[in-house]
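Presented below is the structure to which this report refers.
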Amino acid sequence: MRIAIETDSMEAIEVTDFGDRDSLRTTEREVPEPGSGEVRIAIEAIGVNFADIMQRRGNYPGGPQPPYVPGMEAAGTIDAVGEGVDREVGESVVAMTTEAYAEFSIANVDALFNVPEGMDFEEAAGFPVQFLTAHNTLFEWGGLTEGESVLIHAAAGGVGTAATQLASRAGATVFGTASTREKLDLAAELGCDQPIQYTETDFADAVNDATDGAGVDLVLDSVGGETTQRSLECLAHFGRMTVYGAASGEPGHPDTGTLLFNNHTLLGYHLGQAIERTPQRVLGAVPELTEALTAGDLEVIVGETFALSEADAAHAHVENRESTGKVVLVP
Ligand SMILES: NC(=O)c1ccc[n+]([C@@H]2O[C@H](COP(=O)([O-])OP(=O)(O)OC[C@H]3O[C@@H](n4cnc5c(N)ncnc54)[C@H](OP(=O)(O)O)[C@@H]3O)[C@@H](O)[C@H]2O)c1
């Protein structure tokens, strides 16, 4: 374990300007001090999220302004506690935070979780954002119940691998899309009943064929662009669609005529905004998720690990659609 007392500076990654991966630079920053209600974490693993890339490109409403240290989740060991904090130095934790691409980060205790038993730091770094997003979009927002069907886009990705496992475990029929056969093999191993290679087959036609034209009860849309409207075209009457991302780089443009004619419900989901306004609704799933991860009923799929200094290569891996599951950085 690193001890911050020994040094007052740390390695961090900085986004110097909005733009491509060249704007990611290794830099030295002062080790931060925790304030009231905060802890400092000596970081062992950092979760890479698609939002880190969108923020770096300057495509993220309300995102940080350069120069800034990116990153929104990290796992490690508490090495300092602020005032009024009922936590101990040495505890293994994972946090939703800011400025996580670094050796040390400050986290608010409200967004701090124990590392589920048996889980290493790299797996833990893939837990909060992807599993809470998957659980919330499927159940708390999407209302998925046993016996229903769901279409999960990017089913082999970070959120996708979590959502596929959760939906399958809940007794839903899972349709999943991905760009390659290898990704679909992974999705199938995790419980995807109907893997669709959308680069070869029109996904909406595939869903409609498999359901005799009825469509699925729920869609999780993380892609946007043309995928959004096409998803509505394979959504059942009274179906719901949770929109939570735009990995294509384009927001979707749903035709409200399709919505009203089919009694569809369109829902938006943003973890960060929701947690500020309704923390109980967002975090209510943490005990259930922790228990299932500890028991091995759910698994964080860590696809690839990079050194912190190779953050640009990690971004390339995700942007070029080479990644499966979670991509992790290690300081
Ligand atoms: N709203 C929220 O609070 C929230 C929270 C977490 C994540 N998200 C969103 O959820 C999505 C998944 O996040 P993640 O971190 O788990 O990423 P990810 O799914 O591991 O990676 C993104 C995947 O999207 C697919 N994709 C489709 N079009 C793409 C394009 N033009 N460029 C790159 N990828 C493309 C790729 O899968 P294929 O190769 O199979 O197409 C790619 O692997 C993102 O849109 C992210 O912004 C939202």
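Please note that chains go A, B, ... in the order of the structure tokens, that every chain numbers its residues from 1, and that ligands are numbered from 1 in the order shown.
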Would you kindly return, as a PyMOL selection string, each protein, DNA or RNA residue with an atom no farther than 9 Å from any atom of range 257-269 of chain A, considering only C-alpha atoms and excluding same-chain residues fewer than 5 positions away? chain A and resi 133+136-137+141-142+229+232-233+235-245+274
Using N, CA and C atoms, can you export the residues from the last selection as an mmCIF file, in the first residue's frame?
data_model
loop_
_atom_site.group_PDB
_atom_site.id
_atom_site.type_symbol
_atom_site.label_atom_id
_atom_site.label_comp_id
_atom_site.auth_asym_id
_atom_site.auth_seq_id
_atom_site.Cartn_x
_atom_site.Cartn_y
_atom_site.Cartn_z
ATOM 1 N N THR A 133 -25.867 1.368 -12.904
ATOM 2 C CA THR A 133 -26.526 1.801 -14.147
ATOM 3 C C THR A 133 -27.362 0.663 -14.731
ATOM 4 N N ASN A 136 -30.408 -0.023 -12.360
ATOM 5 C CA ASN A 136 -31.382 1.078 -12.392
ATOM 6 C C ASN A 136 -32.132 1.119 -13.718
ATOM 7 N N THR A 137 -31.407 1.018 -14.830
ATOM 8 C CA THR A 137 -32.075 1.136 -16.140
ATOM 9 C C THR A 137 -33.007 -0.054 -16.403
ATOM 10 N N TRP A 141 -35.939 2.023 -13.272
ATOM 11 C CA TRP A 141 -36.504 2.858 -14.328
ATOM 12 C C TRP A 141 -37.334 1.995 -15.289
ATOM 13 N N GLY A 142 -36.727 0.917 -15.800
ATOM 14 C CA GLY A 142 -37.349 0.129 -16.876
ATOM 15 C C GLY A 142 -38.466 -0.791 -16.431
ATOM 16 N N GLN A 229 -34.380 5.145 -32.899
ATOM 17 C CA GLN A 229 -35.657 4.979 -33.599
ATOM 18 C C GLN A 229 -35.870 3.524 -34.020
ATOM 19 N N LEU A 232 -37.246 1.502 -31.283
ATOM 20 C CA LEU A 232 -38.694 1.664 -31.066
ATOM 21 C C LEU A 232 -39.486 0.797 -32.035
ATOM 22 N N GLU A 233 -38.858 0.509 -33.180
ATOM 23 C CA GLU A 233 -39.561 -0.275 -34.197
ATOM 24 C C GLU A 233 -39.547 -1.773 -33.895
ATOM 25 N N LEU A 235 -40.061 -2.565 -30.440
ATOM 26 C CA LEU A 235 -40.534 -2.498 -29.053
ATOM 27 C C LEU A 235 -42.023 -2.848 -29.031
ATOM 28 N N ALA A 236 -42.404 -3.696 -28.087
ATOM 29 C CA ALA A 236 -43.791 -4.178 -28.015
ATOM 30 C C ALA A 236 -44.761 -3.030 -27.717
ATOM 31 N N HIS A 237 -46.021 -3.241 -28.029
ATOM 32 C CA HIS A 237 -47.060 -2.296 -27.624
ATOM 33 C C HIS A 237 -47.005 -2.175 -26.088
ATOM 34 N N PHE A 238 -47.092 -0.985 -25.555
ATOM 35 C CA PHE A 238 -46.919 -0.689 -24.120
ATOM 36 C C PHE A 238 -45.479 -0.876 -23.639
ATOM 37 N N GLY A 239 -44.525 -1.075 -24.565
ATOM 38 C CA GLY A 239 -43.126 -1.296 -24.166
ATOM 39 C C GLY A 239 -42.479 -0.029 -23.640
ATOM 40 N N ARG A 240 -41.327 -0.225 -22.970
ATOM 41 C CA ARG A 240 -40.557 0.897 -22.395
ATOM 42 C C ARG A 240 -39.151 0.894 -22.982
ATOM 43 N N MET A 241 -38.582 2.055 -23.109
ATOM 44 C CA MET A 241 -37.178 2.148 -23.532
ATOM 45 C C MET A 241 -36.444 3.113 -22.602
ATOM 46 N N THR A 242 -35.346 2.625 -21.984
ATOM 47 C CA THR A 242 -34.522 3.503 -21.144
ATOM 48 C C THR A 242 -33.326 3.966 -21.979
ATOM 49 N N VAL A 243 -33.235 5.259 -22.166
ATOM 50 C CA VAL A 243 -32.128 5.858 -22.918
ATOM 51 C C VAL A 243 -31.095 6.331 -21.905
ATOM 52 N N TYR A 244 -29.853 5.834 -22.010
ATOM 53 C CA TYR A 244 -28.864 6.231 -21.006
ATOM 54 C C TYR A 244 -27.501 6.528 -21.594
ATOM 55 N N GLY A 245 -27.386 6.583 -22.925
ATOM 56 C CA GLY A 245 -26.089 6.912 -23.515
ATOM 57 C C GLY A 245 -26.207 7.170 -24.995
ATOM 58 N N ALA A 274 -29.197 11.506 -11.084
ATOM 59 C CA ALA A 274 -30.205 10.812 -10.277
ATOM 60 C C ALA A 274 -29.740 10.627 -8.836
#
Please return as an NGL selection string: the residues of range 105-288 of chain A that backbone DSSP assigns to helix (DSSP H, G or I). :A and (109-111 or 121-124 or 128-141 or 158-169 or 181-189 or 203-210 or 226-232 or 256-261 or 271-277 or 279-283 or 286-288)
Write out as a CSV table (one decimal) with N, CA and C atoms, in the first residue's frame each polymer residue (protein, DNA or RNA) that has an atom no more than 8 Å from ligand 1, with only C-alpha atoms and all ligand atoms counted.
chain,number,residue,atom,x,y,z
A,48,VAL,N,-12.4,2.6,-16.2
A,48,VAL,CA,-12.6,3.5,-17.4
A,48,VAL,C,-14.0,3.4,-17.8
A,49,ASN,N,-14.7,4.6,-18.0
A,49,ASN,CA,-16.0,4.6,-18.4
A,49,ASN,C,-16.1,5.4,-19.8
A,50,PHE,N,-17.1,5.0,-20.6
A,50,PHE,CA,-17.3,5.7,-21.9
A,50,PHE,C,-17.4,7.2,-21.7
A,51,ALA,N,-18.0,7.6,-20.5
A,51,ALA,CA,-18.2,9.0,-20.3
A,51,ALA,C,-16.9,9.7,-20.1
A,54,MET,N,-16.2,10.7,-23.6
A,54,MET,CA,-17.0,11.8,-24.1
A,54,MET,C,-16.6,13.2,-23.4
A,129,VAL,N,-20.4,2.0,-11.1
A,129,VAL,CA,-21.0,2.7,-12.2
A,129,VAL,C,-21.8,1.7,-13.1
A,130,GLN,N,-21.1,0.6,-13.5
A,130,GLN,CA,-21.8,-0.3,-14.4
A,130,GLN,C,-22.9,-1.1,-13.8
A,133,THR,N,-25.9,1.4,-12.9
A,133,THR,CA,-26.5,1.8,-14.1
A,133,THR,C,-27.4,0.7,-14.7
A,153,HIS,N,-28.4,-3.2,-25.9
A,153,HIS,CA,-27.4,-2.8,-26.9
A,153,HIS,C,-26.0,-2.8,-26.3
A,154,ALA,N,-25.0,-3.1,-27.1
A,154,ALA,CA,-23.6,-3.2,-26.6
A,154,ALA,C,-23.6,-4.2,-25.4
A,155,ALA,N,-24.1,-5.4,-25.6
A,155,ALA,CA,-24.3,-6.4,-24.6
A,155,ALA,C,-23.0,-6.9,-24.0
A,156,ALA,N,-21.9,-6.7,-24.8
A,156,ALA,CA,-20.6,-7.3,-24.3
A,156,ALA,C,-19.8,-6.2,-23.7
A,157,GLY,N,-20.3,-4.9,-23.6
A,157,GLY,CA,-19.6,-3.8,-23.0
A,157,GLY,C,-19.6,-3.8,-21.5
A,158,GLY,N,-19.2,-2.7,-20.9
A,158,GLY,CA,-19.1,-2.6,-19.4
A,158,GLY,C,-20.5,-2.7,-18.8
A,159,VAL,N,-21.4,-1.8,-19.1
A,159,VAL,CA,-22.7,-1.8,-18.6
A,159,VAL,C,-23.5,-3.0,-19.2
A,160,GLY,N,-23.2,-3.3,-20.4
A,160,GLY,CA,-23.9,-4.4,-21.1
A,160,GLY,C,-23.7,-5.8,-20.5
A,177,THR,N,-27.2,-7.0,-28.6
A,177,THR,CA,-26.5,-6.7,-29.8
A,177,THR,C,-25.0,-6.5,-29.5
A,178,ALA,N,-24.2,-6.8,-30.5
A,178,ALA,CA,-22.8,-6.4,-30.4
A,178,ALA,C,-22.2,-6.5,-31.9
A,179,SER,N,-21.0,-5.9,-32.0
A,179,SER,CA,-20.5,-5.8,-33.4
A,179,SER,C,-19.8,-7.0,-33.9
A,180,THR,N,-19.3,-7.9,-33.0
A,180,THR,CA,-18.6,-9.1,-33.5
A,180,THR,C,-19.1,-10.3,-32.8
A,183,LYS,N,-17.7,-11.0,-29.3
A,183,LYS,CA,-18.4,-10.2,-28.2
A,183,LYS,C,-19.7,-10.9,-27.9
A,198,TYR,N,-25.3,-7.0,-35.0
A,198,TYR,CA,-26.0,-6.0,-35.8
A,198,TYR,C,-25.2,-5.5,-37.0
A,222,SER,N,-28.0,2.6,-25.3
A,222,SER,CA,-26.8,3.3,-24.9
A,222,SER,C,-26.1,3.9,-26.1
A,223,VAL,N,-26.7,3.7,-27.3
A,223,VAL,CA,-26.0,4.0,-28.5
A,223,VAL,C,-26.5,5.3,-29.2
A,243,VAL,N,-33.2,5.3,-22.2
A,243,VAL,CA,-32.1,5.9,-22.9
A,243,VAL,C,-31.1,6.3,-21.9
A,244,TYR,N,-29.9,5.8,-22.0
A,244,TYR,CA,-28.9,6.2,-21.0
A,244,TYR,C,-27.5,6.5,-21.6
A,245,GLY,N,-27.4,6.6,-22.9
A,245,GLY,CA,-26.1,6.9,-23.5
A,245,GLY,C,-26.2,7.2,-25.0
A,246,ALA,N,-25.1,7.7,-25.6
A,246,ALA,CA,-25.1,7.9,-27.0
A,246,ALA,C,-23.7,7.6,-27.5
A,247,ALA,N,-23.3,6.3,-27.4
A,247,ALA,CA,-21.9,5.9,-27.8
A,247,ALA,C,-21.7,6.2,-29.3
A,248,SER,N,-22.7,6.3,-30.1
A,248,SER,CA,-22.5,6.5,-31.5
A,248,SER,C,-22.0,8.0,-31.7
A,249,GLY,N,-22.1,8.8,-30.7
A,249,GLY,CA,-21.7,10.2,-30.8
A,249,GLY,C,-22.9,11.1,-31.2
A,268,GLY,N,-35.5,8.5,-19.5
A,268,GLY,CA,-34.1,8.9,-19.6
A,268,GLY,C,-33.4,8.6,-18.2
A,269,TYR,N,-32.1,8.2,-18.3
A,269,TYR,CA,-31.4,7.9,-17.0
A,269,TYR,C,-30.0,8.5,-17.0
A,270,HIS,N,-29.7,9.2,-16.0
A,270,HIS,CA,-28.3,9.6,-15.8
A,270,HIS,C,-28.0,9.4,-14.3
A,271,LEU,N,-27.0,8.5,-14.1
A,271,LEU,CA,-26.6,8.1,-12.7
A,271,LEU,C,-26.2,9.3,-11.9
A,272,GLY,N,-25.3,10.1,-12.4
A,272,GLY,CA,-24.8,11.2,-11.5
A,272,GLY,C,-25.9,12.2,-11.1
A,273,GLN,N,-26.8,12.5,-12.1
A,273,GLN,CA,-27.9,13.5,-11.8
A,273,GLN,C,-28.9,12.8,-10.9
A,318,VAL,N,-11.3,1.3,-26.0
A,318,VAL,CA,-12.7,1.4,-25.9
A,318,VAL,C,-13.3,2.1,-27.2
A,319,GLU,N,-12.7,3.2,-27.6
A,319,GLU,CA,-13.2,4.0,-28.7
A,319,GLU,C,-13.2,3.2,-30.0
A,320,ASN,N,-12.2,2.3,-30.1
A,320,ASN,CA,-12.1,1.5,-31.3
A,320,ASN,C,-13.0,0.2,-31.2
A,321,ARG,N,-13.8,0.1,-30.2
A,321,ARG,CA,-14.7,-1.0,-30.0
A,321,ARG,C,-14.0,-2.3,-29.9
A,322,GLU,N,-12.8,-2.3,-29.3
A,322,GLU,CA,-12.0,-3.6,-29.1
A,322,GLU,C,-12.3,-4.1,-27.8
A,323,SER,N,-12.9,-3.3,-26.9
A,323,SER,CA,-13.0,-3.8,-25.5
A,323,SER,C,-14.2,-4.7,-25.3
A,324,THR,N,-14.1,-5.5,-24.3
A,324,THR,CA,-15.2,-6.3,-23.8
A,324,THR,C,-15.2,-6.0,-22.2
A,325,GLY,N,-16.4,-6.1,-21.7
A,325,GLY,CA,-16.5,-5.8,-20.2
A,325,GLY,C,-15.9,-4.5,-19.8
A,326,LYS,N,-15.2,-4.5,-18.6
A,326,LYS,CA,-14.7,-3.3,-18.1
A,326,LYS,C,-13.2,-3.2,-18.4
A,327,VAL,N,-12.8,-2.0,-18.7
A,327,VAL,CA,-11.4,-1.6,-18.9
A,327,VAL,C,-10.9,-0.9,-17.7
Quick one: DSSP strand (DSSP E or B) residues in range 32-220 of chain A, as a PyMOL selection string? chain A and resi 38-48+68+73-81+92-96+102+104-108+112-114+149-152+173-178+194-197+216-220
Please produce a file of those selected residues containing C-alpha atoms, as an mmCIF file, in the first residue's frame.
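Below is the file that was written, selection-v1.cif:
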data_model
loop_
_atom_site.group_PDB
_atom_site.id
_atom_site.type_symbol
_atom_site.label_atom_id
_atom_site.label_comp_id
_atom_site.auth_asym_id
_atom_site.auth_seq_id
_atom_site.Cartn_x
_atom_site.Cartn_y
_atom_site.Cartn_z
ATOM 1 C CA GLU A 38 -14.424 12.626 2.942
ATOM 2 C CA VAL A 39 -11.693 10.004 2.801
ATOM 3 C CA ARG A 40 -8.542 9.765 0.750
ATOM 4 C CA ILE A 41 -8.049 6.529 -1.185
ATOM 5 C CA ALA A 42 -4.654 5.109 -2.159
ATOM 6 C CA ILE A 43 -5.831 3.863 -5.527
ATOM 7 C CA GLU A 44 -5.158 0.324 -6.732
ATOM 8 C CA ALA A 45 -7.474 0.262 -9.774
ATOM 9 C CA ILE A 46 -9.508 2.794 -11.761
ATOM 10 C CA GLY A 47 -12.595 2.002 -13.849
ATOM 11 C CA VAL A 48 -12.589 3.482 -17.370
ATOM 12 C CA TYR A 68 -8.648 18.435 -15.371
ATOM 13 C CA GLU A 73 -14.614 5.460 -10.060
ATOM 14 C CA ALA A 74 -11.697 3.903 -8.254
ATOM 15 C CA ALA A 75 -10.940 1.116 -5.797
ATOM 16 C CA GLY A 76 -8.190 1.017 -3.192
ATOM 17 C CA THR A 77 -7.388 1.460 0.468
ATOM 18 C CA ILE A 78 -8.405 4.340 2.708
ATOM 19 C CA ASP A 79 -5.190 6.087 3.747
ATOM 20 C CA ALA A 80 -6.612 9.233 5.425
ATOM 21 C CA VAL A 81 -10.007 10.213 6.857
ATOM 22 C CA SER A 92 -10.731 -1.691 1.159
ATOM 23 C CA VAL A 93 -13.258 0.460 -0.658
ATOM 24 C CA VAL A 94 -14.541 1.423 -4.068
ATOM 25 C CA ALA A 95 -15.878 4.901 -4.716
ATOM 26 C CA MET A 96 -17.764 6.933 -7.251
ATOM 27 C CA ALA A 102 -4.378 9.300 -10.214
ATOM 28 C CA PHE A 104 -4.723 9.122 -4.740
ATOM 29 C CA SER A 105 -8.256 10.475 -4.853
ATOM 30 C CA ILE A 106 -10.735 12.064 -2.476
ATOM 31 C CA ALA A 107 -14.149 10.429 -2.092
ATOM 32 C CA ASN A 108 -17.294 11.491 -0.272
ATOM 33 C CA LEU A 112 -18.171 4.885 -0.903
ATOM 34 C CA PHE A 113 -18.782 1.110 -0.823
ATOM 35 C CA ASN A 114 -16.957 -1.819 0.735
ATOM 36 C CA SER A 149 -38.093 -9.660 -22.751
ATOM 37 C CA VAL A 150 -35.361 -7.028 -23.015
ATOM 38 C CA LEU A 151 -33.058 -5.828 -25.794
ATOM 39 C CA ILE A 152 -29.631 -4.742 -24.511
ATOM 40 C CA THR A 173 -35.548 -13.311 -22.142
ATOM 41 C CA VAL A 174 -32.448 -11.378 -23.151
ATOM 42 C CA PHE A 175 -31.768 -10.100 -26.663
ATOM 43 C CA GLY A 176 -28.315 -8.537 -27.015
ATOM 44 C CA THR A 177 -26.494 -6.722 -29.801
ATOM 45 C CA ALA A 178 -22.753 -6.439 -30.428
ATOM 46 C CA GLN A 194 -30.728 -14.130 -28.521
ATOM 47 C CA PRO A 195 -27.337 -12.680 -29.553
ATOM 48 C CA ILE A 196 -27.593 -10.397 -32.622
ATOM 49 C CA GLN A 197 -24.570 -9.295 -34.661
ATOM 50 C CA VAL A 216 -39.528 -6.789 -26.763
ATOM 51 C CA ASP A 217 -40.969 -5.305 -23.552
ATOM 52 C CA LEU A 218 -37.929 -3.164 -22.754
ATOM 53 C CA VAL A 219 -34.943 -1.707 -24.620
ATOM 54 C CA LEU A 220 -31.764 -0.364 -22.993
#
